[in-house]
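Next comes upload-v3.txt, a file with compact mmCIF, C-alpha atoms.
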# COMPACT_ATOMS: atom_id res chain seq x y z
CA MET A 1045 0.00 0.00 0.00
CA ILE A 1046 1.34 3.43 -0.93
CA LYS A 1047 1.89 6.12 1.71
CA ILE A 1048 -0.62 8.97 1.58
CA LEU A 1049 0.64 12.31 2.91
CA TYR A 1050 -2.49 14.39 2.29
CA GLU A 1051 -5.89 14.04 0.67
CA ASP A 1052 -8.94 16.26 0.19
CA ASP A 1053 -11.68 16.70 -2.43
CA ALA A 1054 -9.27 18.21 -4.98
CA VAL A 1055 -5.85 16.60 -4.57
CA LEU A 1056 -4.03 13.61 -3.19
CA VAL A 1057 -0.35 13.71 -2.26
CA ALA A 1058 1.53 10.43 -1.90
CA VAL A 1059 5.02 8.97 -1.77
CA LYS A 1060 5.89 7.01 -4.90
CA PRO A 1061 8.08 4.03 -4.02
CA ALA A 1062 11.10 3.29 -6.19
CA GLY A 1063 10.24 0.71 -8.84
CA LEU A 1064 6.65 1.85 -9.35
CA GLU A 1065 5.50 3.70 -12.48
CA SER A 1066 4.12 7.23 -11.97
CA GLN A 1067 1.21 6.64 -14.33
CA ALA A 1068 -0.78 3.78 -15.80
CA SER A 1069 1.49 1.38 -17.63
CA ARG A 1070 0.75 -0.78 -20.65
CA LYS A 1071 2.52 -3.60 -18.87
CA LEU A 1072 0.63 -5.70 -16.34
CA GLU A 1073 2.52 -4.14 -13.43
CA PRO A 1074 1.41 -2.01 -10.47
CA ASP A 1075 1.46 1.76 -10.97
CA MET A 1076 0.66 4.82 -8.88
CA VAL A 1077 -2.65 5.62 -10.60
CA SER A 1078 -3.97 2.09 -10.01
CA GLU A 1079 -2.77 2.12 -6.41
CA ILE A 1080 -4.41 5.49 -5.71
CA ARG A 1081 -7.70 4.34 -7.24
CA LYS A 1082 -7.54 1.23 -5.09
CA TYR A 1083 -6.93 3.39 -1.99
CA LEU A 1084 -9.90 5.65 -2.78
CA VAL A 1085 -12.24 2.70 -3.33
CA ILE A 1086 -11.13 0.79 -0.22
CA HIS A 1087 -11.53 3.86 1.99
CA LYS A 1088 -14.84 4.83 0.30
CA LEU A 1089 -13.49 8.21 -0.80
CA CYS A 1090 -15.21 8.11 -4.18
CA THR A 1091 -18.66 7.56 -5.67
CA PRO A 1092 -19.66 3.87 -5.24
CA GLY A 1093 -19.58 1.90 -8.49
CA LYS A 1094 -17.73 4.66 -10.36
CA GLU A 1095 -14.02 4.58 -11.14
CA PRO A 1096 -12.41 7.52 -9.32
CA TYR A 1097 -10.74 10.22 -11.38
CA VAL A 1098 -6.97 10.42 -10.86
CA GLY A 1099 -5.22 13.12 -12.88
CA VAL A 1100 -1.47 12.76 -13.50
CA ILE A 1101 0.23 16.14 -13.03
CA HIS A 1102 3.93 15.32 -13.14
CA ARG A 1103 6.14 12.24 -13.32
CA LEU A 1104 9.10 10.58 -11.66
CA ASP A 1105 11.25 7.94 -13.33
CA LYS A 1106 10.41 4.39 -12.30
CA PRO A 1107 13.56 3.87 -10.15
CA VAL A 1108 13.10 7.23 -8.37
CA SER A 1109 11.10 7.56 -5.16
CA GLY A 1110 9.46 10.75 -4.03
CA VAL A 1111 6.54 13.04 -3.25
CA MET A 1112 3.90 13.35 -5.97
CA VAL A 1113 0.57 15.17 -6.27
CA TYR A 1114 -2.40 13.79 -8.20
CA ALA A 1115 -5.63 15.62 -9.02
CA LYS A 1116 -9.01 14.21 -7.99
CA THR A 1117 -10.99 16.47 -10.31
CA LYS A 1118 -10.50 17.68 -13.87
CA GLU A 1119 -10.57 21.28 -12.65
CA ALA A 1120 -7.73 20.62 -10.20
CA ALA A 1121 -5.80 18.79 -12.91
CA ALA A 1122 -6.12 21.72 -15.31
CA PHE A 1123 -4.98 24.22 -12.67
CA LEU A 1124 -1.99 22.17 -11.52
CA SER A 1125 -0.92 21.35 -15.08
CA LYS A 1126 -0.78 25.08 -15.85
CA GLU A 1127 1.27 25.62 -12.68
CA VAL A 1128 3.76 22.97 -13.82
CA GLN A 1129 4.03 24.53 -17.28
CA ALA A 1130 4.63 27.93 -15.70
CA HIS A 1131 7.39 26.46 -13.48
CA ARG A 1132 5.50 27.35 -10.32
CA VAL A 1133 5.70 23.82 -8.89
CA THR A 1134 8.93 23.29 -6.97
CA LYS A 1135 10.58 19.90 -6.46
CA ILE A 1136 13.67 19.37 -4.32
CA TYR A 1137 15.70 16.21 -4.78
CA HIS A 1138 18.29 14.40 -2.71
CA ALA A 1139 20.90 12.22 -4.39
CA VAL A 1140 23.92 10.25 -3.27
CA ILE A 1141 26.75 10.73 -5.74
CA CYS A 1142 30.06 8.92 -6.14
CA GLY A 1143 32.83 11.38 -5.37
CA LYS A 1144 32.60 14.99 -4.20
CA PRO A 1145 32.11 18.20 -6.19
CA VAL A 1146 34.91 20.75 -6.12
CA ASP A 1147 32.44 23.34 -4.85
CA ASN A 1148 29.96 22.69 -2.05
CA VAL A 1149 27.42 24.87 -3.86
CA GLY A 1150 27.24 24.88 -7.63
CA ASN A 1151 25.30 25.04 -10.86
CA PHE A 1152 25.39 22.75 -13.91
CA VAL A 1153 24.37 24.02 -17.34
CA ASP A 1154 24.63 21.57 -20.24
CA LYS A 1155 23.04 20.62 -23.53
CA LEU A 1156 21.28 17.25 -23.45
CA SER A 1157 20.18 15.08 -26.32
CA MET A 1158 17.68 12.24 -25.85
CA ASN A 1159 17.56 8.94 -27.73
CA ARG A 1160 13.95 7.81 -27.35
CA GLU A 1161 14.56 4.41 -28.86
CA ASN A 1162 17.14 3.54 -26.20
CA ASN A 1163 15.55 5.63 -23.41
CA TYR A 1164 18.93 7.31 -22.91
CA SER A 1165 20.18 10.90 -22.76
CA ARG A 1166 23.67 12.35 -23.04
CA ILE A 1167 25.50 15.66 -22.83
CA VAL A 1168 26.30 17.07 -26.26
CA ASP A 1169 28.27 19.99 -27.63
CA ASN A 1170 26.60 23.41 -27.69
CA SER A 1171 26.61 23.30 -31.49
CA ASP A 1172 24.50 20.12 -31.60
CA PRO A 1173 21.05 21.07 -33.01
CA GLU A 1174 19.44 18.21 -31.07
CA GLY A 1175 20.72 19.51 -27.73
CA LYS A 1176 18.38 21.19 -25.25
CA THR A 1177 19.55 23.34 -22.34
CA ALA A 1178 19.53 21.58 -18.98
CA GLU A 1179 20.25 23.50 -15.78
CA LEU A 1180 20.27 22.58 -12.11
CA SER A 1181 21.76 23.86 -8.88
CA TYR A 1182 23.03 21.78 -5.99
CA ARG A 1183 24.52 22.02 -2.53
CA VAL A 1184 26.42 19.44 -0.51
CA ILE A 1185 24.54 18.45 2.66
CA GLY A 1186 26.47 15.34 3.71
CA GLU A 1187 29.72 13.47 3.10
CA ASN A 1188 30.87 9.92 3.77
CA LYS A 1189 34.62 10.02 3.26
CA GLU A 1190 35.02 6.32 4.06
CA LYS A 1191 32.78 5.31 1.14
CA GLY A 1192 33.71 8.24 -1.07
CA LEU A 1193 30.08 9.32 -1.32
CA THR A 1194 28.36 12.69 -1.05
CA LEU A 1195 24.75 13.62 -0.35
CA VAL A 1196 23.53 16.60 -2.38
CA GLU A 1197 20.33 18.61 -2.47
CA ILE A 1198 19.25 19.50 -6.00
CA HIS A 1199 16.93 22.13 -7.48
CA LEU A 1200 15.96 21.53 -11.11
CA LYS A 1201 15.65 24.65 -13.25
CA THR A 1202 14.66 22.64 -16.33
CA GLY A 1203 12.98 19.26 -16.65
CA ARG A 1204 14.93 17.17 -19.16
CA HIS A 1205 14.87 13.40 -19.55
CA HIS A 1206 17.00 11.75 -16.81
CA GLN A 1207 18.49 15.20 -16.24
CA ILE A 1208 19.96 14.78 -12.75
CA ARG A 1209 21.45 11.39 -13.55
CA VAL A 1210 22.94 12.52 -16.87
CA GLN A 1211 24.39 15.82 -15.67
CA PHE A 1212 26.06 14.46 -12.55
CA ALA A 1213 27.48 11.51 -14.49
CA GLY A 1214 28.70 13.88 -17.18
CA HIS A 1215 30.52 15.94 -14.55
CA GLY A 1216 32.27 12.84 -13.19
CA LEU A 1217 29.90 12.36 -10.24
CA PRO A 1218 27.53 9.51 -11.18
CA LEU A 1219 24.69 8.61 -8.85
CA TRP A 1220 25.06 5.64 -6.54
CA GLY A 1221 23.16 2.68 -7.92
CA ASP A 1222 22.62 4.09 -11.42
CA ALA A 1223 23.04 1.11 -13.73
CA LYS A 1224 22.30 3.24 -16.80
CA TYR A 1225 24.69 6.17 -16.32
CA ASN A 1226 27.23 4.99 -13.73
CA PRO A 1227 29.93 3.06 -15.64
CA ALA A 1228 31.44 1.63 -12.47
CA VAL A 1229 28.44 0.17 -10.64
CA SER A 1230 30.02 -2.03 -8.00
CA MET A 1231 30.01 -2.33 -4.21
CA GLU A 1232 32.20 0.75 -4.06
CA GLY A 1233 30.78 2.61 -7.02
CA GLY A 1234 27.10 2.22 -6.30
CA LYS A 1235 25.55 -1.24 -6.38
CA GLY A 1236 21.99 -1.16 -5.13
CA PRO A 1237 18.84 0.93 -5.65
CA LEU A 1238 19.24 4.27 -7.39
CA ALA A 1239 19.97 6.88 -4.71
CA LEU A 1240 17.68 9.62 -6.00
CA ALA A 1241 14.51 10.87 -4.33
CA ALA A 1242 12.15 13.82 -4.76
CA VAL A 1243 12.05 14.81 -1.09
CA SER A 1244 9.97 17.99 -1.21
CA LEU A 1245 7.10 19.26 -3.35
CA SER A 1246 5.65 22.77 -3.20
CA PHE A 1247 2.65 24.05 -5.16
CA THR A 1248 -0.41 26.28 -4.93
CA HIS A 1249 -3.53 24.41 -3.85
CA PRO A 1250 -6.02 24.49 -6.74
CA VAL A 1251 -9.00 25.37 -4.50
CA THR A 1252 -7.67 27.40 -1.57
CA LYS A 1253 -4.93 29.03 -3.70
CA GLU A 1254 -2.66 28.76 -0.67
CA PRO A 1255 0.97 27.60 -1.02
CA VAL A 1256 1.55 24.11 0.38
CA THR A 1257 4.69 22.04 0.87
CA PHE A 1258 4.99 18.30 1.47
CA SER A 1259 8.18 16.44 2.30
CA MET A 1260 9.54 12.97 2.98
CA LYS A 1261 12.71 11.37 4.27
CA PRO A 1262 14.45 9.11 1.73
CA GLN A 1263 15.15 5.67 3.09
CA GLY A 1264 17.12 2.58 2.16
CA GLY A 1265 20.14 2.04 -0.04
CA ALA A 1266 22.90 4.62 0.16
CA PHE A 1267 20.65 7.10 1.99
CA ARG A 1268 21.17 5.02 5.13
CA LEU A 1269 24.77 6.26 5.16
CA PHE A 1270 23.51 9.80 5.85
CA PRO A 1271 20.98 9.40 8.70
CA ALA A 1272 21.16 13.00 9.90
CA ALA A 1273 21.56 14.95 6.68
CA SER A 1274 18.93 12.96 4.80
CA CYS A 1275 16.24 14.32 7.13
CA GLN A 1276 16.44 17.67 5.37
CA PRO A 1277 14.40 19.54 4.23
CA GLY A 1278 11.74 17.94 6.43
CA GLU A 1279 12.01 15.57 9.38
CA SER A 1280 8.75 13.90 8.51
CA SER A 1281 5.95 13.85 5.98
CA ALA A 1282 4.23 17.18 6.46
CA VAL A 1283 2.13 19.93 4.99
CA SER A 1284 2.58 23.63 5.62
CA GLN A 1285 0.29 26.42 4.53

Could you take the file, read its structure, and then write that structure out as structure tokens?
Amino acid sequence: MIKILYEDDAVLVAVKPAGLESQASRKLEPDMVSEIRKYLVIHKLCTPGKEPYVGVIHRLDKPVSGVMVYAKTKEAAAFLSKEVQAHRVTKIYHAVICGKPVDNVGNFVDKLSMNRENNYSRIVDNSDPEGKTAELSYRVIGENKEKGLTLVEIHLKTGRHHQIRVQFAGHGLPLWGDAKYNPAVSMEGGKGPLALAAVSLSFTHPVTKEPVTFSMKPQGGAFRLFPAASCQPGESSAVSQ
């Protein structure tokens, strides 16, 4: 059963576990939309005999865990979708990277090109016509010198395919557990679940128009090596208005 952080007549906020699709999948596998519908039916939070509406607002890659908001009405979905397009929805990520950046606070700006057939992205030269600008900022919030790992907090300024994973790998700091972009996945280099989580989500509530923030603490895998730092930005699942 998925973890619900908040639910009212307009929205539902939940923690997506790593390994679960954000939206309905063509494969016969569990996904967040199906799990949310199941939750609403079991707890009688929808009209009996009618499939509950669950609007997908944003997505997280299958191996990434994190806080997500879903709309329970078409009106809420339309409002939140416009907020996403206008970059007024803020997501904060935590990631465990192999190595340590030269600067404790920094910014990456690159051109990324996506190969849809292989579900793979890469950094390309600025002259590449297929390249799209990808920008993020980060700050170091924890370090494990014994393992050679660093915990970073990340703010995405653009939303490119696999952006965090590609940019950090391209700058010589691949994510722990990233079998796709970490060329040295091993016990030392990052064997295990991908250490990337969307730990905080902020948006304007579609009905009250008040700003709300929800957060979670990433757990398992390499995050266990940073028990204190990984509690940021929120000690527990919460909402603030």

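Considering all atoms listed in the file, the residue among A:Gly1265, A:Gly1216, A:Gly1099, A:Pro1092 positioned nearest to Met1076 (chain A) is A:Gly1099.
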
Go through A:Ala1272, A:Leu1156, A:Val1100, A:Leu1245 and flag the residue nearest Asp1169 (chain A), using only C-alpha atoms for the distances.
A:Leu1156

Would you kindly identify which residues have an atom no farther than 7 Å from (21.3, 21.9, -7.2), using all atoms listed in the file and the file's own coordinates, and write them out as a ChimeraX atom specification?
/A:1150-1151,1180-1183,1197-1200

Give me the residues within 12 Å of Ser1125 (chain A) as a VMD selection string, counting only C-alpha atoms and dropping any in the same chain fewer than 2 places off.
chain A and resid 1099 to 1103 1113 to 1115 1118 to 1123 1127 to 1133 1247 to 1250

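Residue nearest Tyr1050 (chain A), chosen from A:Val1111, A:Lys1189, A:Lys1126, A:Ala1062 and counting all atoms listed in the file: A:Val1111.
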
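The shortest atom-to-atom distance to Leu1195 (chain A), with only C-alpha atoms taken into account, belongs to A:Lys1144 out of A:Arg1209, A:Lys1144, A:Lys1116, A:Arg1166.
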